file protein-v5.txt (compact mmCIF, C-alpha atoms)
# COMPACT_ATOMS: atom_id res chain seq x y z
CA MET A 24 0.00 0.00 0.00
CA ASN A 25 1.22 3.50 -0.83
CA ASP A 26 1.59 5.61 2.31
CA LEU A 27 1.62 9.39 1.88
CA ASN A 28 4.58 9.54 4.28
CA ASP A 29 6.74 7.17 2.21
CA LEU A 30 9.99 8.48 0.80
CA HIS A 31 9.99 7.77 -2.92
CA ILE A 32 13.32 7.30 -4.66
CA VAL A 33 13.72 6.71 -8.40
CA MET A 34 17.00 5.20 -9.54
CA ASP A 35 18.48 6.64 -12.70
CA THR A 36 20.32 4.64 -15.37
CA GLY A 37 23.70 4.95 -13.65
CA ALA A 38 22.32 3.86 -10.28
CA LEU A 39 20.72 0.81 -11.89
CA VAL A 40 24.02 -0.13 -13.54
CA ALA A 41 25.78 0.45 -10.20
CA LEU A 42 23.73 -2.32 -8.60
CA SER A 43 26.58 -4.48 -9.89
CA GLY A 44 29.04 -3.18 -7.31
CA ASN A 45 28.29 0.13 -5.60
CA PRO A 46 27.68 -0.59 -1.90
CA LEU A 47 25.54 2.54 -1.45
CA VAL A 48 23.12 1.42 -4.16
CA SER A 49 23.00 -2.07 -2.65
CA ARG A 50 22.27 -0.59 0.80
CA LEU A 51 19.50 1.52 -0.68
CA VAL A 52 17.79 -1.59 -2.06
CA TYR A 53 18.34 -3.43 1.22
CA GLN A 54 16.79 -0.58 3.23
CA ALA A 55 13.77 -0.51 0.94
CA THR A 56 13.16 -4.20 1.64
CA SER A 57 13.23 -3.69 5.41
CA GLY A 58 9.96 -1.76 5.60
CA THR A 59 11.51 1.61 6.44
CA GLY A 60 8.91 3.70 4.60
CA MET A 61 11.11 3.97 1.55
CA ARG A 62 9.82 3.03 -1.89
CA LEU A 63 12.18 2.48 -4.84
CA HIS A 64 11.22 3.04 -8.45
CA ALA A 65 12.93 2.52 -11.79
CA ALA A 66 11.72 4.19 -14.96
CA ALA A 67 11.34 1.54 -17.67
CA CYS A 68 13.40 3.59 -20.15
CA ALA A 69 16.25 3.96 -17.64
CA LEU A 70 16.12 0.21 -17.06
CA VAL A 71 16.46 -0.46 -20.79
CA GLU A 72 19.44 1.91 -21.01
CA ALA A 73 21.02 0.29 -17.95
CA ASP A 74 20.62 -3.16 -19.48
CA ARG A 75 22.34 -1.99 -22.66
CA ARG A 76 25.32 -0.88 -20.55
CA TYR A 77 25.31 -3.90 -18.24
CA PRO A 78 23.45 -6.84 -19.80
CA GLY A 79 21.33 -8.74 -17.31
CA VAL A 80 20.68 -5.88 -14.91
CA ALA A 81 17.07 -5.45 -16.13
CA GLU A 82 16.24 -9.05 -15.30
CA HIS A 83 17.92 -8.66 -11.91
CA VAL A 84 15.99 -5.47 -11.09
CA ALA A 85 12.72 -7.04 -12.26
CA GLN A 86 13.20 -9.74 -9.62
CA LEU A 87 13.73 -7.29 -6.76
CA PRO A 88 10.48 -6.95 -4.79
CA ALA A 89 11.61 -3.58 -3.42
CA VAL A 90 11.76 -1.90 -6.87
CA ASP A 91 8.63 -0.77 -8.69
CA ILE A 92 9.24 -0.51 -12.43
CA VAL A 93 7.32 2.47 -13.79
CA PRO A 94 6.06 1.88 -17.34
CA LEU A 95 6.16 4.40 -20.14
CA ASP A 96 2.67 5.87 -20.27
CA LEU A 97 1.37 8.61 -22.56
CA SER A 98 2.30 11.55 -20.34
CA ALA A 99 5.81 10.11 -19.88
CA ALA A 100 6.14 9.52 -23.63
CA LEU A 101 5.19 13.15 -24.29
CA SER A 102 7.92 14.27 -21.89
CA LEU A 103 10.49 12.46 -24.05
CA THR A 104 9.84 14.42 -27.23
CA GLY A 105 12.84 16.37 -28.44
CA THR A 106 15.34 14.49 -26.26
CA ASP A 107 18.30 12.39 -27.33
CA GLY A 108 18.03 9.66 -24.70
CA TRP A 109 14.99 8.33 -22.92
CA GLY A 110 16.36 7.16 -19.57
CA GLN A 111 17.01 10.53 -17.96
CA PRO A 112 13.82 12.28 -19.14
CA HIS A 113 11.68 9.31 -18.11
CA THR A 114 13.40 9.24 -14.71
CA GLN A 115 12.80 12.99 -14.36
CA HIS A 116 9.14 12.47 -15.26
CA VAL A 117 8.79 9.75 -12.58
CA ALA A 118 10.38 12.10 -10.03
CA GLN A 119 7.69 14.75 -10.55
CA PRO A 120 4.69 14.86 -8.20
CA SER A 121 1.84 12.57 -9.24
CA ALA A 122 -1.17 10.84 -7.74
CA GLU A 123 1.04 7.91 -6.72
CA ARG A 124 3.85 10.17 -5.46
CA PRO A 125 2.23 13.41 -4.24
CA ARG A 126 5.55 14.89 -3.09
CA GLY A 127 7.45 13.51 -6.06
CA ALA A 128 10.55 11.37 -5.78
CA VAL A 129 14.23 11.89 -5.15
CA VAL A 130 16.56 10.75 -7.96
CA ALA A 131 19.26 8.33 -6.77
CA THR A 132 22.29 8.75 -9.00
CA VAL A 133 25.97 7.91 -9.22
CA THR A 134 26.43 10.77 -11.71
CA PRO A 135 24.96 13.90 -10.11
CA GLU A 136 26.78 16.10 -12.64
CA GLU A 137 24.45 14.76 -15.36
CA TRP A 138 21.49 16.29 -13.51
CA LYS A 139 22.80 19.88 -13.32
CA GLY A 140 20.04 22.29 -14.22
CA CYS A 141 17.28 19.68 -13.97
CA PRO A 142 14.42 20.43 -11.57
CA VAL A 143 14.84 17.29 -9.42
CA ARG A 144 16.03 16.51 -5.90
CA LEU A 145 19.12 14.30 -5.91
CA LEU A 146 20.47 11.55 -3.69
CA PRO A 147 24.12 11.23 -4.80
CA LEU A 148 25.46 7.68 -4.41
CA THR A 149 29.05 8.48 -5.31
CA PRO A 150 32.28 7.14 -3.77
CA ASP A 151 32.87 10.55 -2.17
CA GLU A 152 29.69 9.99 -0.16
CA TYR A 153 30.71 6.66 1.48

call {"tool": "encode", "arguments": {"input": "protein-v5.txt", "output": "structure tokens"}}
result
Amino acid sequence: MNDLNDLHIVMDTGALVALSGNPLVSRLVYQATSGTGMRLHAAACALVEADRRYPGVAEHVAQLPAVDIVPLDLSAALSLTGTDGWGQPHTQHVAQPSAERPRGAVVATVTPEEWKGCPVRLLPLTPDEY
């Protein structure tokens, strides 16, 4: 059940790829499974891009009960027009406030520099943050 007090976090393409070895990303998934009021999301387009970079990660993420994969719906598809890639804009769309996430979501990323100028809240999962 979706609690209004839940902290929603959407993992970007880099964070999804980093599941293969970044301990901060692994801890994030572990915390989400422990019923801490944290909900993890992955935009479907970011998941596809992550799987292109690290084959097999999409299947792995799909098996994680703590991660909700957000499909590409019409409003998300419209947000992709005029962009080169689909992962980041779809992730940004998922991070915006919606009926499911009234306060929006924080973007978990291992590449915060790629989000400069984007209207999202970030959770950097970089080695400097360990």

call {"tool": "residues_around", "arguments": {"input": "protein-v5.txt", "residues": "A:Trp109", "least_positions_apart": "3", "cutoff": "12 Å", "atoms": "all atoms listed in the file", "output": "list in words"}}
result
Asp35, Thr36, Ala66, Ala67, Cys68, Ala69, Leu70, Val71, Glu72, Ala73, Leu95, Ala99, Ala100, Leu101, Ser102, Leu103, Thr104, Gly105, Thr106, Pro112, His113, Thr114, Gln115 and His116 of chain A

call {"tool": "residues_around", "arguments": {"input": "protein-v5.txt", "residues": "A:Ala118", "least_positions_apart": "4", "cutoff": "10 Å", "atoms": "all atoms listed in the file", "output": "PDB file with C-alpha atoms, in the coordinates of the input"}}
result
ATOM      1  CA  HIS A  31       9.990   7.770  -2.920  1.00  0.00           C
ATOM      2  CA  ILE A  32      13.320   7.300  -4.660  1.00  0.00           C
ATOM      3  CA  VAL A  33      13.720   6.710  -8.400  1.00  0.00           C
ATOM      4  CA  MET A  34      17.000   5.200  -9.540  1.00  0.00           C
ATOM      5  CA  HIS A  64      11.220   3.040  -8.450  1.00  0.00           C
ATOM      6  CA  ALA A  66      11.720   4.190 -14.960  1.00  0.00           C
ATOM      7  CA  PRO A 112      13.820  12.280 -19.140  1.00  0.00           C
ATOM      8  CA  HIS A 113      11.680   9.310 -18.110  1.00  0.00           C
ATOM      9  CA  THR A 114      13.400   9.240 -14.710  1.00  0.00           C
ATOM     10  CA  ARG A 124       3.850  10.170  -5.460  1.00  0.00           C
ATOM     11  CA  ARG A 126       5.550  14.890  -3.090  1.00  0.00           C
ATOM     12  CA  GLY A 127       7.450  13.510  -6.060  1.00  0.00           C
ATOM     13  CA  ALA A 128      10.550  11.370  -5.780  1.00  0.00           C
ATOM     14  CA  VAL A 129      14.230  11.890  -5.150  1.00  0.00           C
ATOM     15  CA  VAL A 130      16.560  10.750  -7.960  1.00  0.00           C
ATOM     16  CA  PRO A 142      14.420  20.430 -11.570  1.00  0.00           C
ATOM     17  CA  VAL A 143      14.840  17.290  -9.420  1.00  0.00           C
ATOM     18  CA  ARG A 144      16.030  16.510  -5.900  1.00  0.00           C
ATOM     19  CA  LEU A 145      19.120  14.300  -5.910  1.00  0.00           C
TER      20      LEU A 145
END

call {"tool": "atom_distance", "arguments": {"input": "protein-v5.txt", "atom1": "atom CA of A:Thr132", "atom2": "atom CA of A:Ser98"}}
result
23.2 Å

call {"tool": "residues_around", "arguments": {"input": "protein-v5.txt", "residues": "A:His83", "least_positions_apart": "5", "cutoff": "10 Å", "atoms": "all atoms listed in the file", "output": "ChimeraX atom specification"}}
result
/A:39,42-43,74,78

call {"tool": "closest_residue", "arguments": {"input": "protein-v5.txt", "among": "A:Val84, A:Pro125, A:Gly108, A:Asp96", "to": "A:Ala38", "atoms": "all atoms listed in the file"}}
result
A:Val84

call {"tool": "closest_residue", "arguments": {"input": "protein-v5.txt", "among": "A:Pro147, A:Val93, A:Pro135, A:Pro88", "to": "A:Gly58", "atoms": "all atoms listed in the file"}}
result
A:Pro88

call {"tool": "closest_residue", "arguments": {"input": "protein-v5.txt", "among": "A:Leu148, A:Ala65, A:Ala81, A:Ala55", "to": "A:Val117", "atoms": "all atoms listed in the file"}}
result
A:Ala65

call {"tool": "atom_distance", "arguments": {"input": "protein-v5.txt", "atom1": "atom CA of A:Gly140", "atom2": "atom CA of A:Gln119"}}
result
14.9 Å

call {"tool": "build_atoms", "arguments": {"input": "protein-v5.txt", "residues": "stretch 62-94 of chain A", "atoms": "N, CA and C atoms", "output": "mmCIF file, in the coordinates of the input"}}
result
data_model
loop_
_atom_site.group_PDB
_atom_site.id
_atom_site.type_symbol
_atom_site.label_atom_id
_atom_site.label_comp_id
_atom_site.auth_asym_id
_atom_site.auth_seq_id
_atom_site.Cartn_x
_atom_site.Cartn_y
_atom_site.Cartn_z
ATOM 1 N N ARG A 62 10.279 3.758 -0.709
ATOM 2 C CA ARG A 62 9.820 3.030 -1.890
ATOM 3 C C ARG A 62 10.750 3.351 -3.052
ATOM 4 N N LEU A 63 11.276 2.306 -3.703
ATOM 5 C CA LEU A 63 12.180 2.480 -4.840
ATOM 6 C C LEU A 63 11.438 2.297 -6.147
ATOM 7 N N HIS A 64 11.821 3.098 -7.133
ATOM 8 C CA HIS A 64 11.220 3.040 -8.450
ATOM 9 C C HIS A 64 12.339 3.037 -9.498
ATOM 10 N N ALA A 65 12.039 2.466 -10.638
ATOM 11 C CA ALA A 65 12.930 2.520 -11.790
ATOM 12 C C ALA A 65 12.078 2.817 -13.010
ATOM 13 N N ALA A 66 12.415 3.869 -13.722
ATOM 14 C CA ALA A 66 11.720 4.190 -14.960
ATOM 15 C C ALA A 66 12.086 3.131 -15.993
ATOM 16 N N ALA A 67 11.100 2.611 -16.701
ATOM 17 C CA ALA A 67 11.340 1.540 -17.670
ATOM 18 C C ALA A 67 12.410 1.920 -18.689
ATOM 19 N N CYS A 68 12.407 3.164 -19.140
ATOM 20 C CA CYS A 68 13.400 3.590 -20.150
ATOM 21 C C CYS A 68 14.804 3.602 -19.559
ATOM 22 N N ALA A 69 14.939 3.993 -18.292
ATOM 23 C CA ALA A 69 16.250 3.960 -17.640
ATOM 24 C C ALA A 69 16.712 2.514 -17.471
ATOM 25 N N LEU A 70 15.781 1.625 -17.208
ATOM 26 C CA LEU A 70 16.120 0.210 -17.060
ATOM 27 C C LEU A 70 16.619 -0.378 -18.373
ATOM 28 N N VAL A 71 16.001 0.013 -19.475
ATOM 29 C CA VAL A 71 16.460 -0.460 -20.790
ATOM 30 C C VAL A 71 17.868 0.062 -21.067
ATOM 31 N N GLU A 72 18.105 1.353 -20.797
ATOM 32 C CA GLU A 72 19.440 1.910 -21.010
ATOM 33 C C GLU A 72 20.471 1.242 -20.110
ATOM 34 N N ALA A 73 20.098 0.964 -18.870
ATOM 35 C CA ALA A 73 21.020 0.290 -17.950
ATOM 36 C C ALA A 73 21.364 -1.105 -18.448
ATOM 37 N N ASP A 74 20.374 -1.808 -18.989
ATOM 38 C CA ASP A 74 20.620 -3.160 -19.480
ATOM 39 C C ASP A 74 21.507 -3.151 -20.721
ATOM 40 N N ARG A 75 21.441 -2.110 -21.500
ATOM 41 C CA ARG A 75 22.340 -1.990 -22.660
ATOM 42 C C ARG A 75 23.781 -1.813 -22.198
ATOM 43 N N ARG A 76 23.965 -1.098 -21.088
ATOM 44 C CA ARG A 76 25.320 -0.880 -20.550
ATOM 45 C C ARG A 76 25.830 -2.096 -19.785
ATOM 46 N N TYR A 77 24.930 -2.752 -19.080
ATOM 47 C CA TYR A 77 25.310 -3.900 -18.240
ATOM 48 C C TYR A 77 24.262 -4.987 -18.445
ATOM 49 N N PRO A 78 24.447 -5.819 -19.473
ATOM 50 C CA PRO A 78 23.450 -6.840 -19.800
ATOM 51 C C PRO A 78 23.111 -7.735 -18.598
ATOM 52 N N GLY A 79 21.821 -7.908 -18.402
ATOM 53 C CA GLY A 79 21.330 -8.740 -17.310
ATOM 54 C C GLY A 79 20.799 -7.957 -16.132
ATOM 55 N N VAL A 80 21.122 -6.656 -16.059
ATOM 56 C CA VAL A 80 20.680 -5.880 -14.910
ATOM 57 C C VAL A 80 19.157 -5.692 -14.913
ATOM 58 N N ALA A 81 18.530 -5.616 -16.078
ATOM 59 C CA ALA A 81 17.070 -5.450 -16.130
ATOM 60 C C ALA A 81 16.368 -6.661 -15.529
ATOM 61 N N GLU A 82 16.836 -7.841 -15.870
ATOM 62 C CA GLU A 82 16.240 -9.050 -15.300
ATOM 63 C C GLU A 82 16.448 -9.097 -13.786
ATOM 64 N N HIS A 83 17.625 -8.690 -13.350
ATOM 65 C CA HIS A 83 17.920 -8.660 -11.910
ATOM 66 C C HIS A 83 16.980 -7.694 -11.191
ATOM 67 N N VAL A 84 16.847 -6.478 -11.719
ATOM 68 C CA VAL A 84 15.990 -5.470 -11.090
ATOM 69 C C VAL A 84 14.533 -5.931 -11.091
ATOM 70 N N ALA A 85 14.105 -6.565 -12.168
ATOM 71 C CA ALA A 85 12.720 -7.040 -12.260
ATOM 72 C C ALA A 85 12.396 -8.065 -11.175
ATOM 73 N N GLN A 86 13.405 -8.740 -10.662
ATOM 74 C CA GLN A 86 13.200 -9.740 -9.620
ATOM 75 C C GLN A 86 13.262 -9.169 -8.208
ATOM 76 N N LEU A 87 13.625 -7.906 -8.080
ATOM 77 C CA LEU A 87 13.730 -7.290 -6.760
ATOM 78 C C LEU A 87 12.356 -6.795 -6.304
ATOM 79 N N PRO A 88 11.820 -7.375 -5.240
ATOM 80 C CA PRO A 88 10.480 -6.950 -4.790
ATOM 81 C C PRO A 88 10.442 -5.513 -4.295
ATOM 82 N N ALA A 89 11.585 -4.936 -3.963
ATOM 83 C CA ALA A 89 11.610 -3.580 -3.420
ATOM 84 C C ALA A 89 11.563 -2.509 -4.504
ATOM 85 N N VAL A 90 11.697 -2.894 -5.783
ATOM 86 C CA VAL A 90 11.760 -1.900 -6.870
ATOM 87 C C VAL A 90 10.508 -1.994 -7.732
ATOM 88 N N ASP A 91 9.815 -0.881 -7.835
ATOM 89 C CA ASP A 91 8.630 -0.770 -8.690
ATOM 90 C C ASP A 91 9.088 -0.216 -10.041
ATOM 91 N N ILE A 92 8.869 -0.967 -11.090
ATOM 92 C CA ILE A 92 9.240 -0.510 -12.430
ATOM 93 C C ILE A 92 8.073 0.303 -12.986
ATOM 94 N N VAL A 93 8.362 1.557 -13.322
ATOM 95 C CA VAL A 93 7.320 2.470 -13.790
ATOM 96 C C VAL A 93 7.287 2.423 -15.314
ATOM 97 N N PRO A 94 6.148 1.996 -15.888
ATOM 98 C CA PRO A 94 6.060 1.880 -17.340
ATOM 99 C C PRO A 94 6.011 3.240 -18.029
#
